[in-house]
Structures are given as C-alpha cells and as structure tokens.
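Chemist: Data file query_20.txt (compact mmCIF, C-alpha atoms) is appended below.
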```txt
# COMPACT_ATOMS: atom_id res chain seq x y z
CA GLU E 1222 72.05 44.16 182.07
CA ALA E 1223 71.63 47.94 182.28
CA GLN E 1224 69.40 49.05 179.47
CA VAL E 1225 66.70 51.29 178.09
CA THR E 1226 63.93 49.47 176.26
CA GLN E 1227 61.40 50.87 173.84
CA ASN E 1228 58.29 49.33 172.33
CA PRO E 1229 57.33 48.96 169.63
CA ARG E 1230 60.50 49.11 167.53
CA TYR E 1231 58.55 49.71 164.33
CA LEU E 1232 55.10 51.16 163.89
CA ILE E 1233 53.05 52.12 160.85
CA THR E 1234 49.83 53.94 161.61
CA VAL E 1235 47.30 56.29 160.06
CA THR E 1236 46.67 59.97 160.67
CA GLY E 1237 44.67 60.64 163.81
CA LYS E 1238 44.94 57.24 165.45
CA LYS E 1239 46.26 57.67 168.98
CA LEU E 1240 49.40 55.76 169.84
CA THR E 1241 51.81 55.29 172.73
CA VAL E 1242 55.48 54.40 172.59
CA THR E 1243 56.70 52.92 175.84
CA CYS E 1244 60.12 53.49 177.39
CA SER E 1245 61.53 51.74 180.43
CA GLN E 1246 64.93 51.84 182.14
CA ASN E 1247 66.38 49.59 184.84
CA MET E 1248 69.19 51.86 186.07
CA ASN E 1249 67.22 53.85 188.64
CA HIS E 1250 67.83 57.05 186.66
CA GLU E 1251 65.91 60.16 187.64
CA TYR E 1252 66.34 61.92 184.28
CA MET E 1253 64.57 60.65 181.17
CA SER E 1254 64.10 62.23 177.77
CA TRP E 1255 62.54 61.71 174.35
CA TYR E 1256 64.22 62.71 171.09
CA ARG E 1257 63.32 62.50 167.45
CA GLN E 1258 65.94 61.99 164.80
CA ASP E 1259 65.39 63.29 161.28
CA PRO E 1260 67.84 63.38 158.35
CA GLY E 1261 69.79 66.61 158.28
CA LEU E 1262 68.35 67.75 161.59
CA GLY E 1263 70.11 65.45 164.02
CA LEU E 1264 68.48 64.78 167.39
CA ARG E 1265 65.90 67.17 168.74
CA GLN E 1266 64.50 66.91 172.23
CA ILE E 1267 60.73 66.49 172.54
CA TYR E 1268 60.15 66.28 176.30
CA TYR E 1269 62.21 65.50 179.34
CA SER E 1270 61.62 64.58 182.96
CA MET E 1271 63.85 65.33 185.92
CA ASN E 1272 61.97 62.94 188.22
CA VAL E 1273 58.60 61.33 188.91
CA GLU E 1274 55.72 63.69 188.18
CA VAL E 1275 58.12 66.34 186.82
CA THR E 1276 58.08 66.84 183.05
CA ASP E 1277 59.04 69.74 180.79
CA LYS E 1278 59.01 70.67 177.14
CA GLY E 1279 62.03 70.26 174.94
CA ASP E 1280 62.59 71.95 171.61
CA VAL E 1281 59.82 70.27 169.59
CA PRO E 1282 56.96 69.34 171.98
CA GLU E 1283 54.00 70.15 169.70
CA GLY E 1284 51.80 67.14 169.04
CA TYR E 1285 53.28 65.03 171.84
CA LYS E 1286 52.46 64.24 175.45
CA VAL E 1287 54.39 62.41 178.14
CA SER E 1288 53.81 61.18 181.65
CA ARG E 1289 56.12 60.09 184.46
CA LYS E 1290 54.11 58.19 187.04
CA GLU E 1291 56.92 55.78 187.88
CA LYS E 1292 60.64 56.32 187.93
CA ARG E 1293 61.40 53.60 185.42
CA ASN E 1294 58.78 54.43 182.76
CA PHE E 1295 58.39 57.44 180.48
CA PRO E 1296 55.82 56.82 177.73
CA LEU E 1297 55.47 59.09 174.71
CA ILE E 1298 51.90 59.70 173.57
CA LEU E 1299 50.76 60.96 170.19
CA GLU E 1300 47.09 61.84 170.62
CA SER E 1301 46.46 62.54 166.92
CA PRO E 1302 49.49 61.61 164.84
CA SER E 1303 50.19 63.42 161.59
CA PRO E 1304 52.55 62.58 158.71
CA ASN E 1305 55.09 65.18 159.88
CA GLN E 1306 55.60 63.06 162.98
CA THR E 1307 57.06 60.28 160.85
CA SER E 1308 60.49 59.91 162.38
CA LEU E 1309 62.90 57.81 164.39
CA TYR E 1310 62.30 58.24 168.13
CA PHE E 1311 64.75 57.62 170.94
CA CYS E 1312 64.24 57.46 174.66
CA ALA E 1313 67.20 58.17 176.92
CA SER E 1314 67.94 58.17 180.64
CA SER E 1315 70.69 59.32 182.98
CA PHE E 1316 71.36 60.49 186.49
CA PRO E 1317 70.33 64.13 186.86
CA PRO E 1318 72.89 66.93 186.60
CA ILE E 1319 74.30 68.07 189.93
CA SER E 1320 76.71 70.81 190.78
CA GLY E 1321 79.85 70.36 188.71
CA GLN E 1322 78.79 67.12 187.09
CA ILE E 1323 76.64 66.07 184.20
CA TYR E 1324 76.16 62.45 183.27
CA GLU E 1325 76.07 60.69 179.95
CA GLN E 1326 72.75 59.45 178.66
CA TYR E 1327 71.83 55.86 177.90
CA PHE E 1328 69.70 55.49 174.78
CA GLY E 1329 67.08 52.97 173.81
CA PRO E 1330 67.25 51.17 170.45
CA GLY E 1331 64.79 53.51 168.78
CA THR E 1332 61.25 53.36 167.42
CA ARG E 1333 60.71 53.97 163.75
CA LEU E 1334 57.27 55.53 163.29
CA THR E 1335 55.52 56.03 159.98
CA VAL E 1336 52.27 57.99 159.85
CA THR E 1337 50.34 57.75 156.59
CA ALA K 1182 71.41 80.36 173.50
CA GLN K 1183 73.63 77.36 173.32
CA SER K 1184 74.36 75.65 170.02
CA VAL K 1185 76.63 73.05 168.51
CA ALA K 1186 77.83 72.65 164.93
CA GLN K 1187 79.28 69.71 163.07
CA PRO K 1188 80.45 71.32 159.83
CA GLU K 1189 80.92 68.10 157.87
CA ASP K 1190 77.99 65.87 156.92
CA GLN K 1191 80.39 63.10 155.93
CA VAL K 1192 84.04 62.25 156.45
CA ASN K 1193 85.90 59.60 154.45
CA VAL K 1194 89.14 58.14 155.79
CA ALA K 1195 91.27 55.23 154.65
CA GLU K 1196 91.71 52.41 157.13
CA GLY K 1197 94.83 52.90 159.22
CA ASN K 1198 94.89 56.67 158.74
CA PRO K 1199 94.16 59.14 161.52
CA LEU K 1200 90.65 60.53 161.65
CA THR K 1201 89.14 63.78 162.89
CA VAL K 1202 85.46 64.62 163.24
CA LYS K 1203 84.91 68.30 163.91
CA CYS K 1204 82.65 69.99 166.44
CA THR K 1205 82.30 73.62 167.48
CA TYR K 1206 80.00 74.99 170.13
CA SER K 1207 78.54 78.13 171.62
CA VAL K 1208 77.42 78.35 175.25
CA SER K 1209 77.24 80.91 178.02
CA GLY K 1210 79.56 79.88 180.79
CA ASN K 1211 81.57 76.69 180.94
CA PRO K 1212 80.70 74.00 178.41
CA TYR K 1213 79.96 70.36 179.10
CA LEU K 1214 80.77 68.46 175.92
CA PHE K 1215 80.01 64.93 174.75
CA TRP K 1216 80.55 62.63 171.81
CA TYR K 1217 78.15 59.80 170.98
CA VAL K 1218 78.26 57.18 168.24
CA GLN K 1219 75.34 55.55 166.46
CA TYR K 1220 75.78 52.28 164.63
CA PRO K 1221 73.14 51.18 162.08
CA ASN K 1222 69.79 50.27 163.66
CA ARG K 1223 71.07 51.06 167.13
CA GLY K 1224 70.62 53.81 169.67
CA LEU K 1225 73.34 56.29 170.49
CA GLN K 1226 76.26 55.12 172.62
CA PHE K 1227 78.37 57.37 174.81
CA LEU K 1228 82.02 57.74 173.74
CA LEU K 1229 83.52 60.43 175.95
CA LYS K 1230 82.87 63.72 177.72
CA TYR K 1231 84.62 66.88 178.84
CA ILE K 1232 83.59 68.54 182.08
CA THR K 1233 86.73 70.21 183.32
CA GLY K 1234 90.45 69.51 183.67
CA ASP K 1235 92.76 68.07 181.03
CA ASN K 1236 91.93 69.34 177.55
CA LEU K 1237 92.59 65.92 176.01
CA VAL K 1238 89.88 63.45 176.91
CA LYS K 1239 90.20 59.74 176.23
CA GLY K 1240 87.16 57.57 175.63
CA SER K 1241 85.92 54.24 174.36
CA TYR K 1242 87.23 52.29 171.33
CA GLY K 1243 90.50 54.28 171.20
CA PHE K 1244 88.80 57.62 170.55
CA GLU K 1245 89.90 60.88 172.12
CA ALA K 1246 88.80 64.49 171.87
CA GLU K 1247 90.57 67.77 172.36
CA PHE K 1248 88.86 70.68 174.06
CA ASN K 1249 90.02 74.04 172.73
CA LYS K 1250 88.47 76.93 174.62
CA SER K 1251 89.84 79.71 172.40
CA GLN K 1252 88.49 78.06 169.26
CA THR K 1253 85.34 76.76 171.00
CA SER K 1254 85.98 73.35 169.50
CA PHE K 1255 85.84 69.75 170.67
CA HIS K 1256 87.10 67.64 167.77
CA LEU K 1257 86.96 63.85 167.96
CA LYS K 1258 90.13 62.02 166.93
CA LYS K 1259 91.58 58.57 166.55
CA PRO K 1260 95.18 57.82 165.54
CA SER K 1261 94.40 54.83 163.32
CA ALA K 1262 90.93 54.27 161.85
CA LEU K 1263 89.24 50.88 161.63
CA VAL K 1264 86.52 49.86 159.19
CA SER K 1265 84.36 49.11 162.23
CA ASP K 1266 84.53 52.82 163.18
CA SER K 1267 82.17 53.58 160.29
CA ALA K 1268 79.09 55.08 161.94
CA LEU K 1269 77.21 58.30 162.63
CA TYR K 1270 78.84 60.54 165.24
CA PHE K 1271 77.11 63.19 167.30
CA CYS K 1272 78.61 66.00 169.32
CA ALA K 1273 76.51 67.40 172.17
CA VAL K 1274 76.83 70.38 174.50
CA SER K 1275 75.25 71.64 177.67
CA GLY K 1276 75.96 75.01 179.21
CA VAL K 1277 75.79 76.53 182.63
CA MET K 1278 74.96 73.83 185.09
CA ASN K 1279 71.48 74.08 186.47
CA ARG K 1280 68.66 71.59 186.60
CA ASP K 1281 66.85 73.07 183.61
CA ASP K 1282 69.74 73.10 181.17
CA LYS K 1283 69.20 71.01 178.10
CA ILE K 1284 71.68 69.02 176.13
CA ILE K 1285 71.87 70.13 172.49
CA PHE K 1286 72.98 67.65 169.85
CA GLY K 1287 74.67 68.45 166.57
CA LYS K 1288 73.27 67.19 163.28
CA GLY K 1289 75.73 64.33 163.11
CA THR K 1290 78.70 63.42 160.91
CA ARG K 1291 78.75 60.17 159.01
CA LEU K 1292 82.18 58.59 159.11
CA HIS K 1293 83.16 56.18 156.33
CA ILE K 1294 86.34 54.17 156.81
CA LEU K 1295 87.50 52.81 153.49
CA PRO K 1296 89.25 49.41 153.50
```
Could I get this structure in the form of structure tokens?

Modeler:
Amino acid sequence: EAQVTQNPRYLITVTGKKLTVTCSQNMNHEYMSWYRQDPGLGLRQIYYSMNVEVTDKGDVPEGYKVSRKEKRNFPLILESPSPNQTSLYFCASSFPPISGQIYEQYFGPGTRLTVT
Amino acid sequence: AQSVAQPEDQVNVAEGNPLTVKCTYSVSGNPYLFWYVQYPNRGLQFLLKYITGDNLVKGSYGFEAEFNKSQTSFHLKKPSALVSDSALYFCAVSGVMNRDDKIIFGKGTRLHILP
C-alpha cells in the first residue's frame, strides 16, 4: 500500500529536550515536505526537499532542522523545542514538479507535539 | 507573492443540498490549484486539481471545482451533500512552474453537513 508514515503519532516533551519526528514514504517520490498545522493558520511549510541531499527552507523554518540522506526518509529535528512549537505536524511527498505538470501530495497521518 | 484565501471558516449545509466551499487566489502567471480534505485524526487527502484545460474539474467523492480566471476563484462544489462530507477542506495554489515554487495552503474551511 502506498503511504507516508510518521512516528511518533503523539509526543509530549519538555522545553529544550531534542527530538526527532521520522517520516518515510514508499512511493519513490523525490519531493518531500514538512508542514505544521495550527488553528486559524492552516498549513504552513517548514522545510522541503526536492531530492536526496537537497533541502530548502519553507515559510516557518526557525527552530527546525531536516536531513535527506535517503530518498524515502525525511526526518524533522527539533534541537531545542519550545512551547511555541506545540502543533500538529504533517509530512508529505510527491513527484517533483516538471514543465507543465505539478503533482498532488500524499500526506502522513500527522504527529501531535506538545512542548511544556 | 502568491496567496490563497478561504473566506469562510465554517460552512453549514443540510444533507441533500448543494454545497460550495469558496477559494480565491493570487499568483503571478498561470495558477496550479488544488483541493484537499482532512477527516478527523487523519492527514490531508487529495480531492482534485486544476492545471490547464477545462474550467470544470471533477474529483473524488463526487466533488468538482470551477476555475474562474477573471474572478481568480476555484470554488469547490458538490450537487448533493452527504453527512460523511463533513470535514476540513483546504485550497492550495502554486504559481509559475519552476523547481523552487512552493505550494501555499489556505487556512481551511470546516464543512458541517446537517442530517
């Protein structure tokens, strides 16, 4: 089954304690992205990756890191989480845009993070 | 800069009635437009997209959307609403096609279908 998986699904942590949210896709997609979803703000892009070893900032990258060492994995790292990073996080993947075509994204189930 | 607006936070529709969820956009160049749906405790699911061609796009679960270039709108529609259509709906837009273009999501519209 084609899917994007995220782990953990729920996480409660304390300020400053480093954490990693994993994301994996089995569709051989080059493009992967992380979003956060907050009430009244919709989805905002944190980081994205067009392919292995290629990452770039989205709209709200502060306080986050990513890496793309393998095509299927795109972990999100919070080196020193703070309460304002409490949110619902989604990983997504798709084929990359090419001339005249842009592909829909497949989303993971989400990770609900609470930082106290 | 590209942007997308969903002017209604919530839309209530009686079951069996037609529904419309509104979306307007602003991009430089030709727009690439999407609708996604989010059910409770789930990730977003793709419904439909407009790239070029026919202004009326048909998608999953009986939904369709009409692209209107002069009004810069891409409203989501369904002729007869079901209670199971109750969910959060997101419109998204991307502009001129190059490898660095981002997809911008609207803030979402919560659709309530009343039995």

Chemist: Excluding same-chain residues fewer than 3 positions from Tyr1310 (chain E), what lies within 7 Å of it counting only C-alpha atoms, as a CSV table (one decimal) with C-alpha atoms, in the coordinates of the input?

Modeler:
```csv
chain,number,residue,atom,x,y,z
E,1256,TYR,CA,64.2,62.7,171.1
E,1257,ARG,CA,63.3,62.5,167.4
E,1258,GLN,CA,65.9,62.0,164.8
E,1331,GLY,CA,64.8,53.5,168.8
E,1332,THR,CA,61.2,53.4,167.4
E,1333,ARG,CA,60.7,54.0,163.8
```

Chemist: Would you mind listing, as a list of chain:residue names, all residues of chain E that have at least one atom within 6 Å of chain K, where only C-alpha atoms are what counts?

Modeler: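 So the contacting residues turn out to be E:Leu1262, E:Gly1263, E:Leu1264, E:Phe1328, E:Gly1329, E:Pro1330, E:Gly1331.
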
Chemist: Can you work out the spacing between CA of Met1248 (chain E) and CA of Gln1224 (chain E) in Å, to one decimal?

Modeler: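 These two atoms are separated by 7.2 Å.
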
Chemist: Just the number, please: distance in Å from CA of Ala1223 (chain E) to CA of Gln1322 (chain E), one decimal.

Modeler: 21.0 Å

Chemist: For Asn1249 (chain K), which residue out of K:Ser1261, K:Thr1201, K:Asn1236, K:Gln1191 is the nearest one, using only C-alpha atoms?

Modeler: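 The shortest atom-to-atom distance to Asn1249 (chain K) comes from K:Asn1236.
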
Chemist: Determine the nearest neighbour of Gln1252 (chain K) from the options K:Ala1195, K:Cys1204, K:Gln1183, K:Glu1189, counting all atoms listed in the file.

Modeler: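 Under the stated criterion, the closest residue is K:Cys1204.
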
Chemist: Can you tell me how far CA of Lys1250 (chain K) sits from CA of Gly1276 (chain K), in Å to one decimal?

Modeler: 13.5 Å

Chemist: Need the shell around region 1300-1309 of chain E: protein/DNA/RNA residues with any atom at most 9 Å away, counting only C-alpha atoms. Skip same-chain ones fewer than 4 positions apart. Format as a list in words?

Modeler: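 Contacts, in chain order: Thr1234, Val1235, Thr1236, Gly1237, Lys1238, Lys1239, Leu1240, Thr1241, Tyr1256, Arg1257, Gln1258, Asp1259, Gly1284, Tyr1285, Lys1286, Gly1331, Thr1332, Arg1333, Leu1334, Thr1335, Val1336 and Thr1337 of chain E.
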
Chemist: Which polymer residues have any atom within 9 Å of an atom of Glu1274 (chain E), counting only C-alpha atoms, with same-chain residues fewer than 3 positions away left out, as a PyMOL selection string?

Modeler: chain E and resi 1270-1271+1288-1292

Chemist: Give as a PyMOL selection string each residue that has an atom at most 8 Å from (92.4, 52.2, 166.3) in the file, counting all atoms listed in the file.

Modeler: chain K and resi 1197+1242-1244+1259-1263

Chemist: Mind checking which residues fall within 10 Å of Asp1277 (chain E), counting all atoms listed in the file, ignoring those fewer than 2 positions away in the same chain, and posting them as a PDB file with C-alpha atoms, in the frame of the given file?

Modeler:
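Output file selection-v2.pdb follows:
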```pdb
ATOM      1  CA  SER E1254      64.100  62.230 177.770  1.00  0.00           C
ATOM      2  CA  ILE E1267      60.730  66.490 172.540  1.00  0.00           C
ATOM      3  CA  TYR E1268      60.150  66.280 176.300  1.00  0.00           C
ATOM      4  CA  TYR E1269      62.210  65.500 179.340  1.00  0.00           C
ATOM      5  CA  SER E1270      61.620  64.580 182.960  1.00  0.00           C
ATOM      6  CA  MET E1271      63.850  65.330 185.920  1.00  0.00           C
ATOM      7  CA  VAL E1275      58.120  66.340 186.820  1.00  0.00           C
ATOM      8  CA  GLY E1279      62.030  70.260 174.940  1.00  0.00           C
ATOM      9  CA  PRO E1282      56.960  69.340 171.980  1.00  0.00           C
ATOM     10  CA  VAL E1287      54.390  62.410 178.140  1.00  0.00           C
TER      11      VAL E1287
ATOM     12  CA  ASP K1281      66.850  73.070 183.610  1.00  0.00           C
TER      13      ASP K1281
END
```

Chemist: Taking all atoms of region 1262-1265 of chain K that the file lists and extending 4 Å past them on each side, where is the centre of the axis-aligned box and how long are its edges? Answer in Å to one decimal, as lines of an AutoDock Vina configuration file.

Modeler:
```
center_x = 87.6
center_y = 51.7
center_z = 160.7
size_x = 14.6
size_y = 13.2
size_z = 11.0
```

Chemist: Applying 6 Å and all atoms listed in the file, which residues near His1250 (chain E) remain after dropping the ones on its own chain fewer than 2 positions away? List them as number ranges by chain.

Modeler: E: 1248, 1252, 1315-1316

Chemist: Some atoms are absent from region 1229-1240 of chain E, so rebuild N, CA, C and O atoms and return them as a compact mmCIF listing (two decimals), keeping the file's coordinate frame.

Modeler:
```txt
# COMPACT_ATOMS: atom_id res chain seq x y z
N PRO E 1229 56.74 49.93 170.55
CA PRO E 1229 57.33 48.96 169.63
C PRO E 1229 58.60 49.50 168.98
O PRO E 1229 58.92 50.68 169.12
N ARG E 1230 59.31 48.66 168.26
CA ARG E 1230 60.50 49.11 167.53
C ARG E 1230 60.11 49.72 166.18
O ARG E 1230 60.77 50.63 165.69
N TYR E 1231 59.05 49.20 165.61
CA TYR E 1231 58.55 49.71 164.33
C TYR E 1231 57.04 49.84 164.42
O TYR E 1231 56.37 48.99 164.98
N LEU E 1232 56.54 50.93 163.85
CA LEU E 1232 55.10 51.16 163.89
C LEU E 1232 54.68 51.94 162.66
O LEU E 1232 55.25 53.00 162.37
N ILE E 1233 53.68 51.40 161.95
CA ILE E 1233 53.05 52.12 160.85
C ILE E 1233 51.61 52.36 161.25
O ILE E 1233 50.91 51.43 161.62
N THR E 1234 51.18 53.62 161.19
CA THR E 1234 49.83 53.94 161.61
C THR E 1234 49.23 54.97 160.65
O THR E 1234 49.89 55.43 159.71
N VAL E 1235 47.98 55.32 160.91
CA VAL E 1235 47.30 56.29 160.06
C VAL E 1235 47.08 57.59 160.82
O VAL E 1235 47.05 57.62 162.06
N THR E 1236 46.90 58.64 160.09
CA THR E 1236 46.67 59.97 160.67
C THR E 1236 45.50 59.94 161.65
O THR E 1236 44.43 59.40 161.33
N GLY E 1237 45.74 60.48 162.84
CA GLY E 1237 44.67 60.64 163.81
C GLY E 1237 44.48 59.49 164.78
O GLY E 1237 43.70 59.62 165.73
N LYS E 1238 45.13 58.40 164.58
CA LYS E 1238 44.94 57.24 165.45
C LYS E 1238 45.93 57.29 166.61
O LYS E 1238 47.15 57.10 166.42
N LYS E 1239 45.42 57.50 167.79
CA LYS E 1239 46.26 57.67 168.98
C LYS E 1239 47.22 56.50 169.18
O LYS E 1239 46.85 55.34 168.97
N LEU E 1240 48.43 56.82 169.58
CA LEU E 1240 49.40 55.76 169.84
C LEU E 1240 50.30 56.14 171.02
O LEU E 1240 50.45 57.31 171.35
```
